[in-house]
Amino acid sequence: MGRLVGQWLLELLFSIGRFFLHPLLYFFLIFSFLNGYWRVRRERKSFHVRVYDVFDDIRFTYTKGIIAGLILSVLFMLLGLWIPFGTLVLLTIWLLAVSLTFQPRFLSSTISLGGTIFLTALLNGVADQSPWIDEFFVSLDKTNYSVLSLFLSFLLICEGILIYRTAHYHTSPFIIKSKRGMPIGNHVANRTWMIPLMLLVPGGSLESPFSWWPIISLNGEPFMLVMIPYFVGFYQRIQGSLPKESIQVTGRRISILGIISLVVAAASLWAPFLAFVAAALALIGKGLITVKQRMNDNSAAFYFSKQDYGLVVLGTLPQSPGEKMGIKAGEVITKVNGKNVKTTYEFYEALQISRTHCKLEVLGHNKEIRFVQRALYEGEHHELGLLFVQDEKWKSEAS
């Protein structure tokens, strides 16, 4: 028994070492940095200032998915889900190819794992005419498509939960022009998550310590543990509602889609063709969710636009007076130091009434008025660090 435990602990250490040798772990440092760089450029174009620094995307990518990865790894280990080494290589190549678009929206599990399922079937179908396939993708022919569809379904549920819980953090505000040429505020969530996954891979030296495990049999074949950095991406642009509300609706829909896919994938253990049905269902369903969100958002009234009763806050700069006063995106500044404000020029003028103190009347998300005030100190942002949809006239005067 002690020897068996020692084997498993040693293999666990090897799997962690393989994790830090995985090329995707380092490629996505570049991916996340470039996303951050492009985000900062877009924000500077809209406001002449960046909201979050260029490394914010890297911090998000490499921290927000760790707990989800640990939970999924335990689940996969308990179920004994496994994947051949050649299939794992194909998944890595496909994920890298998709990520070269530098579009997080294409990093959904429906595309990465769904694509891997269909690519594996395609390569296995032509393997007899192409001997290099068996040489490069070792044991690809041993792929269990039901297991892959289960992986897809579990990861899709996880993707929906991550979107619901974290994708609304630090959404990026920017300004576009409407069809009538008026400035309109938008928010965008352009996110990736690194999910560390521990997988069983046939071909190692470990043997099952239980007769009933793994649940999906490996036919007595020994295996090894492999930890991989799996990356999931998400993109959503919002202009007709608060970012958090819109993003969380999408997250719930994706989780429900994952549950439906999981039911079909589980049924494929008895009817293997359903594995492909589950993958197709997930892919088509995700596309429909995206289209529906976009249509609903486009048909809604612009949320971040000029209003007759005050200034709509599009965003706040981190550590600014506005953030410390608890002002949030989507709230409306109606008065500054007792004066009604409807434009950024009026807002700036009202702030000049007192250079050491300001009092704001704020219409909150609950449609109730509250008053916030704060002392102002030398060196702090002269406009409290609040971002608005500015008048073209005021922008030209201020530039």
# chains A, B, ... in the order shown; residues from 1 in each chain; ligands from 1
call {"tool": "select_by_dssp", "arguments": {"residues": "stretch 11-191 of chain A", "states": "alpha helix (DSSP H)", "output": "PyMOL selection string"}}
result
chain A and resi 11-19+23-47+56-63+66-79+85-99+109-126+132-136+145-166
call {"tool": "residues_around", "arguments": {"residues": "stretch 36-47 of chain A", "least_positions_apart": "6", "cutoff": "10 Å", "atoms": "only C-alpha atoms", "output": "ChimeraX atom specification"}}
result
/A:30,53-58,172-176,185,188,190-191,387-390,395
call {"tool": "residues_around", "arguments": {"residues": "A:Ser139", "least_positions_apart": "3", "cutoff": "12 Å", "atoms": "only C-alpha atoms", "output": "PyMOL selection string"}}
result
chain A and resi 83-90+120+123-124+127+133-136+142-144+201-203
call {"tool": "residues_around", "arguments": {"residues": "A:Leu200", "least_positions_apart": "4", "cutoff": "6 Å", "atoms": "only C-alpha atoms", "output": "PyMOL selection string"}}
result
chain A and resi 82+224-225
call {"tool": "residues_around", "arguments": {"residues": "A:Leu75", "least_positions_apart": "4", "cutoff": "12 Å", "atoms": "only C-alpha atoms", "output": "VMD selection string"}}
result
chain A and resid 68 to 71 79 to 82 150 to 151 154 to 155 158 197 to 200 214 to 215
call {"tool": "closest_residue", "arguments": {"among": "A:Leu283, A:Leu376, A:Leu29, A:Cys358", "to": "A:Leu113", "atoms": "only C-alpha atoms"}}
result
A:Leu283
call {"tool": "residues_around", "arguments": {"residues": "A:His170", "least_positions_apart": "6", "cutoff": "9 Å", "atoms": "only C-alpha atoms", "output": "list in words"}}
result
Val51, Tyr52, Asp56 and Ala189 of chain A
call {"tool": "write_last_selection", "arguments": {"atoms": "N, CA, C and O atoms", "output": "compact mmCIF listing (two decimals), in the first residue's frame"}}
result
# COMPACT_ATOMS: atom_id res chain seq x y z
N VAL A 51 -8.20 52.87 -18.18
CA VAL A 51 -8.95 52.57 -16.95
C VAL A 51 -8.14 51.64 -16.06
O VAL A 51 -7.78 51.98 -14.94
N TYR A 52 -7.85 50.45 -16.56
CA TYR A 52 -7.00 49.50 -15.83
C TYR A 52 -5.71 49.30 -16.60
O TYR A 52 -5.68 49.41 -17.83
N ASP A 56 -3.68 44.02 -16.24
CA ASP A 56 -4.91 43.58 -15.58
C ASP A 56 -5.45 42.31 -16.23
O ASP A 56 -5.96 41.42 -15.54
N ALA A 189 -16.70 42.97 -22.27
CA ALA A 189 -15.99 41.95 -21.48
C ALA A 189 -15.24 41.09 -22.49
O ALA A 189 -15.85 40.41 -23.32
call {"tool": "atom_distance", "arguments": {"atom1": "atom CA of A:Phe19", "atom2": "atom CA of A:Gly160"}}
result
24.5 Å
call {"tool": "residues_around", "arguments": {"residues": "A:Tyr145", "least_positions_apart": "6", "cutoff": "10 Å", "atoms": "only C-alpha atoms", "output": "PyMOL selection string"}}
result
chain A and resi 83+116-118+120-121+151+265+268-269+272-276+279
call {"tool": "write_last_selection", "arguments": {"atoms": "N, CA and C atoms", "output": "mmCIF file, in the first residue's frame"}}
result
data_model
loop_
_atom_site.group_PDB
_atom_site.id
_atom_site.type_symbol
_atom_site.label_atom_id
_atom_site.label_comp_id
_atom_site.auth_asym_id
_atom_site.auth_seq_id
_atom_site.Cartn_x
_atom_site.Cartn_y
_atom_site.Cartn_z
ATOM 1 N N ILE A 83 -8.192 10.522 -21.352
ATOM 2 C CA ILE A 83 -8.041 11.004 -22.718
ATOM 3 C C ILE A 83 -6.700 10.516 -23.262
ATOM 4 N N THR A 116 -12.268 19.514 -31.369
ATOM 5 C CA THR A 116 -11.388 18.356 -31.167
ATOM 6 C C THR A 116 -12.125 17.049 -31.414
ATOM 7 N N ILE A 117 -13.384 16.970 -30.989
ATOM 8 C CA ILE A 117 -14.180 15.753 -31.214
ATOM 9 C C ILE A 117 -14.306 15.458 -32.704
ATOM 10 N N PHE A 118 -14.686 16.472 -33.464
ATOM 11 C CA PHE A 118 -14.895 16.253 -34.903
ATOM 12 C C PHE A 118 -13.562 16.062 -35.640
ATOM 13 N N THR A 120 -10.854 14.687 -34.351
ATOM 14 C CA THR A 120 -10.396 13.337 -34.007
ATOM 15 C C THR A 120 -11.090 12.302 -34.873
ATOM 16 N N ALA A 121 -12.396 12.457 -35.023
ATOM 17 C CA ALA A 121 -13.147 11.521 -35.872
ATOM 18 C C ALA A 121 -12.659 11.588 -37.318
ATOM 19 N N PHE A 151 -16.320 15.666 -21.139
ATOM 20 C CA PHE A 151 -15.386 16.762 -20.860
ATOM 21 C C PHE A 151 -15.966 18.088 -21.354
ATOM 22 N N ALA A 265 -24.589 13.737 -23.516
ATOM 23 C CA ALA A 265 -23.274 13.094 -23.472
ATOM 24 C C ALA A 265 -23.306 11.843 -22.607
ATOM 25 N N SER A 268 -24.712 9.029 -24.365
ATOM 26 C CA SER A 268 -23.836 8.491 -25.417
ATOM 27 C C SER A 268 -22.994 7.307 -24.926
ATOM 28 N N LEU A 269 -22.914 7.110 -23.605
ATOM 29 C CA LEU A 269 -22.210 5.929 -23.074
ATOM 30 C C LEU A 269 -22.898 4.649 -23.521
ATOM 31 N N PRO A 272 -23.212 5.580 -28.643
ATOM 32 C CA PRO A 272 -22.033 6.410 -28.913
ATOM 33 C C PRO A 272 -22.252 7.569 -29.886
ATOM 34 N N PHE A 273 -23.165 7.416 -30.846
ATOM 35 C CA PHE A 273 -23.351 8.497 -31.820
ATOM 36 C C PHE A 273 -23.849 9.784 -31.152
ATOM 37 N N LEU A 274 -24.439 9.653 -29.958
ATOM 38 C CA LEU A 274 -24.947 10.833 -29.258
ATOM 39 C C LEU A 274 -23.822 11.754 -28.783
ATOM 40 N N ALA A 275 -22.596 11.245 -28.747
ATOM 41 C CA ALA A 275 -21.465 12.107 -28.389
ATOM 42 C C ALA A 275 -21.331 13.249 -29.395
ATOM 43 N N PHE A 276 -21.523 12.935 -30.664
ATOM 44 C CA PHE A 276 -21.436 13.959 -31.705
ATOM 45 C C PHE A 276 -22.666 14.873 -31.662
ATOM 46 N N ALA A 279 -21.956 17.391 -28.944
ATOM 47 C CA ALA A 279 -21.011 18.413 -29.391
ATOM 48 C C ALA A 279 -21.675 19.412 -30.336
#
call {"tool": "atom_distance", "arguments": {"atom1": "atom CA of A:Arg180", "atom2": "atom CA of A:Ser241"}}
result
19.9 Å
call {"tool": "closest_residue", "arguments": {"among": "A:Ile333, A:Asp141, A:Thr192, A:Lys339", "to": "A:Val362", "atoms": "only C-alpha atoms"}}
result
A:Ile333
call {"tool": "closest_residue", "arguments": {"among": "A:Pro104, A:Gly65, A:Gly330, A:Gly287", "to": "A:Ile238", "atoms": "only C-alpha atoms"}}
result
A:Gly330
call {"tool": "atom_distance", "arguments": {"atom1": "atom CA of A:Trp213", "atom2": "atom CA of A:Ile195"}}
result
24.5 Å
